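One file, protein_17.txt, carrying compact mmCIF, C-alpha atoms and all ligand atoms:
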```
# COMPACT_ATOMS: atom_id res chain seq x y z
CA MET A 1 108.62 114.45 118.01
CA VAL A 2 105.59 113.77 120.18
CA MET A 3 104.10 117.17 119.40
CA LYS A 4 104.45 116.36 115.72
CA HIS A 5 102.48 113.14 116.25
CA PHE A 6 99.74 114.91 118.15
CA ASP A 7 99.40 117.66 115.59
CA ARG A 8 98.97 115.15 112.84
CA ARG A 9 96.43 113.08 114.73
CA LYS A 10 94.45 116.18 115.52
CA PHE A 11 94.59 117.12 111.87
CA PHE A 12 93.23 113.73 110.78
CA LYS A 13 90.64 113.76 113.56
CA ILE A 14 89.37 117.14 112.48
CA CYS A 15 89.26 115.98 108.84
CA GLY A 16 87.55 112.74 109.87
CA SER A 17 84.95 114.48 111.97
CA TYR A 18 84.29 116.95 109.17
CA ILE A 19 83.89 114.21 106.56
CA ALA A 20 81.71 112.17 108.94
CA ALA A 21 79.48 115.15 109.52
CA LEU A 22 79.20 115.75 105.77
CA SER A 23 78.54 112.13 104.91
CA ALA A 24 75.93 111.46 107.60
CA ALA A 25 72.61 111.72 105.79
CA PRO A 26 70.87 112.80 107.84
CA PRO A 27 72.67 112.56 111.21
CA ALA A 28 70.54 110.99 113.95
CA SER A 29 71.56 113.85 116.23
CA ALA A 30 74.45 116.21 116.75
CA ALA A 31 75.74 114.02 119.58
CA THR A 32 75.59 110.89 117.44
CA ALA A 33 77.38 112.48 114.49
CA SER A 34 80.18 113.87 116.64
CA ALA A 35 81.05 110.42 118.06
CA ALA A 36 81.79 108.98 114.59
CA ARG A 37 85.08 109.55 112.81
CA LEU A 38 86.26 108.44 109.40
CA TYR A 39 89.85 107.32 108.85
CA ASN A 40 91.55 105.72 105.86
CA PRO A 41 89.42 103.02 104.26
CA VAL A 42 91.49 99.85 104.69
CA LEU A 43 90.83 96.39 103.25
CA LEU A 44 91.05 93.51 105.74
CA THR A 45 93.30 90.72 104.52
CA ARG A 46 94.43 87.30 105.65
CA ASN A 47 97.71 85.90 104.30
CA GLY A 48 97.76 88.80 101.86
CA ASN A 49 94.34 88.08 100.34
CA PRO A 50 91.04 89.79 101.09
CA MET A 51 89.37 88.20 104.13
CA GLY A 52 85.81 87.37 103.13
CA ALA A 53 83.02 87.65 105.65
CA ARG A 54 82.22 84.01 104.93
CA ASP A 55 85.78 83.07 105.93
CA PHE A 56 85.17 84.04 109.56
CA GLU A 57 84.69 81.00 111.77
CA VAL A 58 82.20 81.67 114.51
CA GLY A 59 84.00 82.60 117.73
CA GLN A 60 87.52 82.93 116.27
CA VAL A 61 89.13 86.19 117.33
CA TYR A 62 91.39 88.12 114.97
CA ILE A 63 93.64 91.05 115.75
CA PHE A 64 94.37 93.89 113.36
CA HIS A 65 95.76 97.40 113.81
CA TYR A 66 93.63 100.37 112.90
CA PRO A 67 93.34 103.34 112.45
CA TYR A 68 97.03 103.54 113.39
CA VAL A 69 99.62 100.85 112.71
CA THR A 70 100.01 100.33 116.45
CA THR A 71 96.42 100.56 117.78
CA PRO A 72 94.88 97.10 118.22
CA CYS A 73 91.37 96.03 117.26
CA ILE A 74 89.53 92.75 117.58
CA ILE A 75 87.11 91.35 115.03
CA PHE A 76 85.03 88.20 115.24
CA ASN A 77 81.88 86.46 114.08
CA LEU A 78 79.33 86.31 116.88
CA GLY A 79 77.31 83.62 115.14
CA GLU A 80 74.13 85.62 115.53
CA SER A 81 72.62 88.56 113.75
CA THR A 82 73.10 91.96 115.37
CA ASP A 83 70.85 94.26 113.44
CA ALA A 84 69.36 96.19 116.33
CA GLN A 85 70.41 99.73 117.11
CA TYR A 86 71.73 100.57 120.58
CA GLN A 87 72.16 103.99 122.08
CA LEU A 88 75.39 104.29 124.04
CA THR A 89 77.19 107.05 125.93
CA THR A 90 80.89 107.85 126.25
CA GLU A 91 82.48 108.77 129.57
CA ALA A 92 82.36 112.41 128.42
CA GLY A 93 78.60 112.15 127.97
CA GLN A 94 78.49 111.95 124.15
CA ARG A 95 75.59 109.85 122.96
CA TYR A 96 75.99 107.72 119.87
CA ALA A 97 74.29 104.87 118.07
CA TRP A 98 75.78 101.45 117.47
CA THR A 99 74.05 99.90 114.49
CA GLY A 100 75.10 96.26 114.58
CA GLY A 101 77.40 93.92 112.72
CA ILE A 102 78.12 93.42 109.03
CA GLY A 103 78.33 90.49 106.64
CA PRO A 104 75.61 88.20 105.24
CA GLN A 105 74.17 87.61 108.72
CA ARG A 106 75.27 90.93 110.20
CA SER A 107 77.19 88.86 112.73
CA ILE A 108 80.71 90.26 112.32
CA VAL A 109 81.71 93.02 114.73
CA ALA A 110 84.95 94.89 115.42
CA TYR A 111 86.09 97.01 118.36
CA SER A 112 89.11 98.93 119.44
CA ALA A 113 90.87 96.53 121.83
CA ILE A 114 91.99 99.24 124.25
CA CYS A 115 90.20 98.75 127.56
CA SER A 116 88.47 101.95 128.61
CA HIS A 117 89.57 101.46 132.23
CA ARG A 118 93.37 101.62 132.15
CA MET A 119 94.04 100.87 128.49
CA THR A 120 95.10 97.24 128.82
CA TYR A 121 95.39 95.86 125.29
CA PRO A 122 96.50 92.77 123.35
CA ALA A 123 100.28 93.08 123.18
CA LYS A 124 102.67 90.71 121.46
CA SER A 125 103.90 89.35 124.77
CA ALA A 126 100.46 88.77 126.34
CA SER A 127 96.82 89.60 125.91
CA PHE A 128 94.67 90.25 128.96
CA LEU A 129 91.74 91.43 126.84
CA ASN A 130 89.87 88.95 124.67
CA TYR A 131 86.50 87.89 123.30
CA ARG A 132 85.03 84.87 125.04
CA HIS A 133 82.61 82.95 122.90
CA SER A 134 81.86 80.30 125.53
CA LYS A 135 80.07 80.93 128.78
CA VAL A 136 82.19 82.53 131.53
CA VAL A 137 81.56 83.80 135.03
CA PHE A 138 81.86 87.46 135.87
CA PHE A 139 80.47 90.05 138.27
CA ASP A 140 78.14 92.73 137.00
CA GLU A 141 77.95 96.38 138.05
CA ASN A 142 76.05 95.35 141.20
CA ARG A 143 78.73 92.81 142.08
CA THR A 144 76.26 90.05 141.31
CA ARG A 145 77.64 86.82 139.89
CA GLN A 146 76.67 86.29 136.26
CA GLU A 147 77.30 83.62 133.66
CA LYS A 148 77.24 84.63 130.04
CA ASN A 149 78.79 83.75 126.71
CA LYS A 150 79.80 86.18 123.94
CA ILE A 151 81.49 88.78 126.08
CA ILE A 152 84.71 90.77 125.88
CA TYR A 153 86.64 90.30 129.10
CA CYS A 154 89.56 92.44 130.29
CA CYS A 155 91.34 90.36 132.90
CA SER A 156 93.32 93.27 134.34
CA GLU A 157 90.58 94.48 136.67
CA ARG A 158 87.77 92.40 135.17
CA SER A 159 85.86 94.82 133.05
CA VAL A 160 83.30 93.10 130.87
CA TYR A 161 81.75 94.38 127.64
CA ASP A 162 78.83 93.07 125.60
CA PRO A 163 79.83 92.97 121.91
CA THR A 164 76.27 92.11 120.85
CA GLU A 165 75.22 95.56 122.06
CA GLY A 166 78.03 97.83 120.92
CA ALA A 167 80.47 96.74 123.66
CA ARG A 168 78.49 98.43 126.40
CA VAL A 169 79.94 97.85 129.87
CA ILE A 170 78.21 95.05 131.81
CA GLY A 171 80.75 94.56 134.59
CA GLY A 172 83.87 95.93 136.22
CA PRO A 173 85.33 99.43 136.45
CA ALA A 174 85.36 100.42 132.74
CA PRO A 175 83.79 103.89 132.41
CA GLN A 176 82.59 103.63 128.81
CA PRO A 177 82.06 101.12 125.97
CA LEU A 178 84.94 100.11 123.75
CA ALA A 179 85.05 102.28 120.65
CA SER A 180 83.57 100.35 117.76
CA ILE A 181 85.28 100.07 114.38
CA GLN A 182 83.07 101.07 111.47
CA LEU A 183 83.14 98.31 108.88
CA GLN A 184 81.98 98.37 105.28
CA TYR A 185 80.86 95.13 103.67
CA SER A 186 80.82 94.43 99.94
CA ASP A 187 78.08 92.02 98.83
CA ARG A 188 79.79 91.80 95.48
CA ASP A 189 83.01 90.13 96.62
CA ASP A 190 82.35 89.43 100.33
CA SER A 191 85.22 91.74 101.33
CA ILE A 192 85.36 93.92 104.43
CA SER A 193 87.00 97.29 104.93
CA ALA A 194 87.54 99.30 108.08
CA ILE A 195 86.57 102.92 107.50
CA GLY A 196 86.42 104.67 110.86
CA THR A 197 85.40 104.51 114.50
CA THR A 198 82.36 105.27 116.61
CA GLY A 199 82.36 106.02 120.32
CA GLY A 200 84.98 106.98 122.85
CA GLU A 201 88.42 106.76 121.28
CA LEU A 202 91.50 106.55 123.49
CA PHE A 203 94.13 106.69 120.77
CA GLU A 204 95.94 109.85 121.85
CA GLN A 205 96.29 108.71 125.44
CA PHE A 206 97.25 105.20 124.32
CA LEU A 207 99.95 106.33 121.89
CA ASP A 208 101.31 108.74 124.43
CA LYS A 209 101.42 106.25 127.31
CA PHE A 210 102.81 103.26 125.37
CA GLU A 211 104.89 105.01 122.72
CA PHE A 212 108.22 103.45 123.67
CA ARG A 213 106.83 99.92 124.01
CA LEU A 214 104.96 100.24 120.71
CA GLN A 215 108.09 101.48 118.95
CA LEU A 216 109.92 98.35 120.08
CA ASP A 217 107.07 95.93 119.37
CA PHE A 218 106.27 97.26 115.91
CA LYS A 219 109.75 98.47 114.98
CA VAL A 220 108.47 101.91 114.00
CA VAL A 221 109.57 105.37 115.04
CA ASP A 222 106.26 107.09 114.39
CA VAL A 223 103.67 105.11 116.33
CA ALA A 224 100.95 107.43 114.98
CA GLN A 225 101.28 106.39 111.34
CA GLN A 226 97.85 105.69 109.99
CA THR A 227 97.07 102.29 108.54
CA VAL A 228 96.69 102.55 104.76
CA GLU A 229 95.23 100.46 101.93
CA GLN A 230 95.12 97.06 103.62
CA VAL A 231 95.71 95.48 106.99
CA GLU A 232 96.50 91.88 107.83
CA LEU A 233 94.41 89.89 110.29
CA GLN A 234 96.09 87.47 112.67
CA THR A 235 94.31 85.14 115.03
CA ILE A 236 94.85 86.24 118.59
CA GLU A 237 96.81 83.02 119.16
CA GLU A 238 99.15 83.89 116.27
CA PHE A 239 99.58 87.48 117.38
CA THR A 240 100.24 87.11 121.09
CA ASP A 241 102.49 84.74 123.03
CA ILE A 242 100.12 84.28 125.96
CA VAL A 243 96.33 84.63 125.80
CA VAL A 244 95.24 85.18 129.38
CA HIS A 245 91.84 83.80 130.37
CA CYS A 246 90.13 84.81 133.58
S1 LIG B 301 92.45 97.90 132.26
FE1 LIG B 301 90.79 96.66 131.69
S2 LIG B 301 89.73 96.38 133.54
FE2 LIG B 301 91.36 97.69 134.10
```

When written as structure tokens, how does the structure in this file appear?
Ligand code: FES
Amino acid sequence: MVMKHFDRRKFFKICGSYIAALSAAPPASAATASAARLYNPVLLTRNGNPMGARDFEVGQVYIFHYPYVTTPCIIFNLGESTDAQYQLTTEAGQRYAWTGGIGPQRSIVAYSAICSHRMTYPAKSASFLNYRHSKVVFFDENRTRQEKNKIIYCCSERSVYDPTEGARVIGGPAPQPLASIQLQYSDRDDSISAIGTTGGELFEQFLDKFEFRLQLDFKVVDVAQQTVEQVELQTIEEFTDIVVHC
């Protein structure tokens, strides 16, 4: 059963990488192209209707599951434009470019919500990983006390990511940025679709490690089913019983 899942994921990953390589015009570099993967294009919805970029309240965190029905992502409106390009590196040494948010102000960003340290994630019972729009205290890579707003904080071992710069690591033991979710914005109807990922994915390890728990939580046998057509957003407060703040 597990082998079947892995074979299929590898198949989609190979297809995604191939399509990404074909559609990059021109790729910034071989390393950049290889860190981007296309999955099913999926429309983001709220209460069954398309979620418009203008419907995002600044600072409100939403959870959705992509590219698999059990792999969590977070999406939120930073309230500031993020149109700069940042060069990031995965733990394996792959370089890639993060090109900012989407929407009218380019302020909406989405990331895989699987911490790159030990894969803590927002579960239905509790979420130890969250976006913090207000100022919080943390310790940077030099163990120096910092205060900063607009960070992603994993309270397990206190890894901190900067979502305004592609979720690069700014504190704690995380070895690489969170993978970012590639979003496509339609000016015509304000809709948003998820189309792929960029950066260091942890999906295989995640699905392998948490398969049994995910089967129970999502009432599915195949935790590696890909998300198709549309995916519902829930606020983090709706999705999880306890939102842990640290
Ligand atoms: S799992 Fe997130 S900091 Fe350890």

I'd like the contact shell of region 177-191 of chain A - 6 Å cut-off, all atoms listed in the file, skipping same-chain residues fewer than 3 positions apart - returned as a list in words. Gly52, Ala53, Ala110, Tyr111, Ser112, Ala167, Arg168, Val169, Ala194, Ile195, Gly196, Thr197, Thr198, Gly199, Gly200 and Glu201 of chain A

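Here CA of Glu147 (chain A) stands at a distance of 28.4 Å from CA of Arg95 (chain A).
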
Could you give me, as a list in words, every polymer residue with an atom at most 10 Å away from an atom of ligand LIG 301 (chain B), counting all atoms listed in the file?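 Result of the 10 Å neighbour search around ligand LIG 301 (chain B): Ala113, Ile114, Cys115, Ser116, His117, Arg118, Met119, Thr120, Tyr121, Phe128, Leu129, Tyr153, Cys154, Cys155, Ser156, Glu157, Arg158, Ser159, Val160, Gly171, Gly172, Pro173, Ala174 and Pro175 of chain A.
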
Write out as an mmCIF file with C-alpha atoms, in the frame of the given file each polymer residue whose atoms come within 8 Å of region 67-79 of chain A, counting all atoms listed in the file; drop sequence neighbours fewer than 2 positions from it.
```
data_model
loop_
_atom_site.group_PDB
_atom_site.id
_atom_site.type_symbol
_atom_site.label_atom_id
_atom_site.label_comp_id
_atom_site.auth_asym_id
_atom_site.auth_seq_id
_atom_site.Cartn_x
_atom_site.Cartn_y
_atom_site.Cartn_z
ATOM 1 C CA TYR A 39 89.850 107.320 108.850
ATOM 2 C CA ASN A 40 91.550 105.720 105.860
ATOM 3 C CA PHE A 56 85.170 84.040 109.560
ATOM 4 C CA GLU A 57 84.690 81.000 111.770
ATOM 5 C CA VAL A 58 82.200 81.670 114.510
ATOM 6 C CA GLY A 59 84.000 82.600 117.730
ATOM 7 C CA GLN A 60 87.520 82.930 116.270
ATOM 8 C CA VAL A 61 89.130 86.190 117.330
ATOM 9 C CA TYR A 62 91.390 88.120 114.970
ATOM 10 C CA ILE A 63 93.640 91.050 115.750
ATOM 11 C CA PHE A 64 94.370 93.890 113.360
ATOM 12 C CA HIS A 65 95.760 97.400 113.810
ATOM 13 C CA SER A 81 72.620 88.560 113.750
ATOM 14 C CA SER A 107 77.190 88.860 112.730
ATOM 15 C CA ILE A 108 80.710 90.260 112.320
ATOM 16 C CA VAL A 109 81.710 93.020 114.730
ATOM 17 C CA ALA A 110 84.950 94.890 115.420
ATOM 18 C CA TYR A 111 86.090 97.010 118.360
ATOM 19 C CA SER A 112 89.110 98.930 119.440
ATOM 20 C CA ALA A 113 90.870 96.530 121.830
ATOM 21 C CA ILE A 114 91.990 99.240 124.250
ATOM 22 C CA TYR A 121 95.390 95.860 125.290
ATOM 23 C CA PRO A 122 96.500 92.770 123.350
ATOM 24 C CA HIS A 133 82.610 82.950 122.900
ATOM 25 C CA LYS A 150 79.800 86.180 123.940
ATOM 26 C CA THR A 164 76.270 92.110 120.850
ATOM 27 C CA ILE A 181 85.280 100.070 114.380
ATOM 28 C CA GLY A 196 86.420 104.670 110.860
ATOM 29 C CA PHE A 203 94.130 106.690 120.770
ATOM 30 C CA LEU A 207 99.950 106.330 121.890
ATOM 31 C CA LEU A 214 104.960 100.240 120.710
ATOM 32 C CA PHE A 218 106.270 97.260 115.910
ATOM 33 C CA VAL A 223 103.670 105.110 116.330
ATOM 34 C CA ALA A 224 100.950 107.430 114.980
ATOM 35 C CA GLN A 225 101.280 106.390 111.340
ATOM 36 C CA GLN A 226 97.850 105.690 109.990
ATOM 37 C CA THR A 227 97.070 102.290 108.540
#
```

Between A:Tyr161, A:Ser134, A:Pro104, A:Ala126, which residue has the minimum interatomic distance to Asn149 (chain A), considering all atoms listed in the file?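 With all atoms listed in the file as the atom set, the closest residue is A:Ser134.
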
Provide the CA of Gly48 (chain A) to CA of Lys124 (chain A) distance in Å, to one decimal place.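 Going from CA of Gly48 (chain A) over to CA of Lys124 (chain A), I get 20.3 Å.
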
Correct to one decimal, the distance CA of Gln234 (chain A)-CA of Arg132 (chain A) is 16.8 Å

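Comparing A:Phe138, A:Tyr96, A:Phe206, A:Tyr131 by their smallest distance to Ala36 (chain A), the closest is A:Tyr96 (using only C-alpha atoms).
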
Selection near region 98-100 of chain A, 7 Å with all atoms listed in the file, sequence-local residues under 4 positions removed, as a list of chain:residue names: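 Selected residues are A:Thr82, A:Asp83, A:Ala84, A:Gln85, A:Tyr86, A:Gln87, A:Arg106, A:Gly166.
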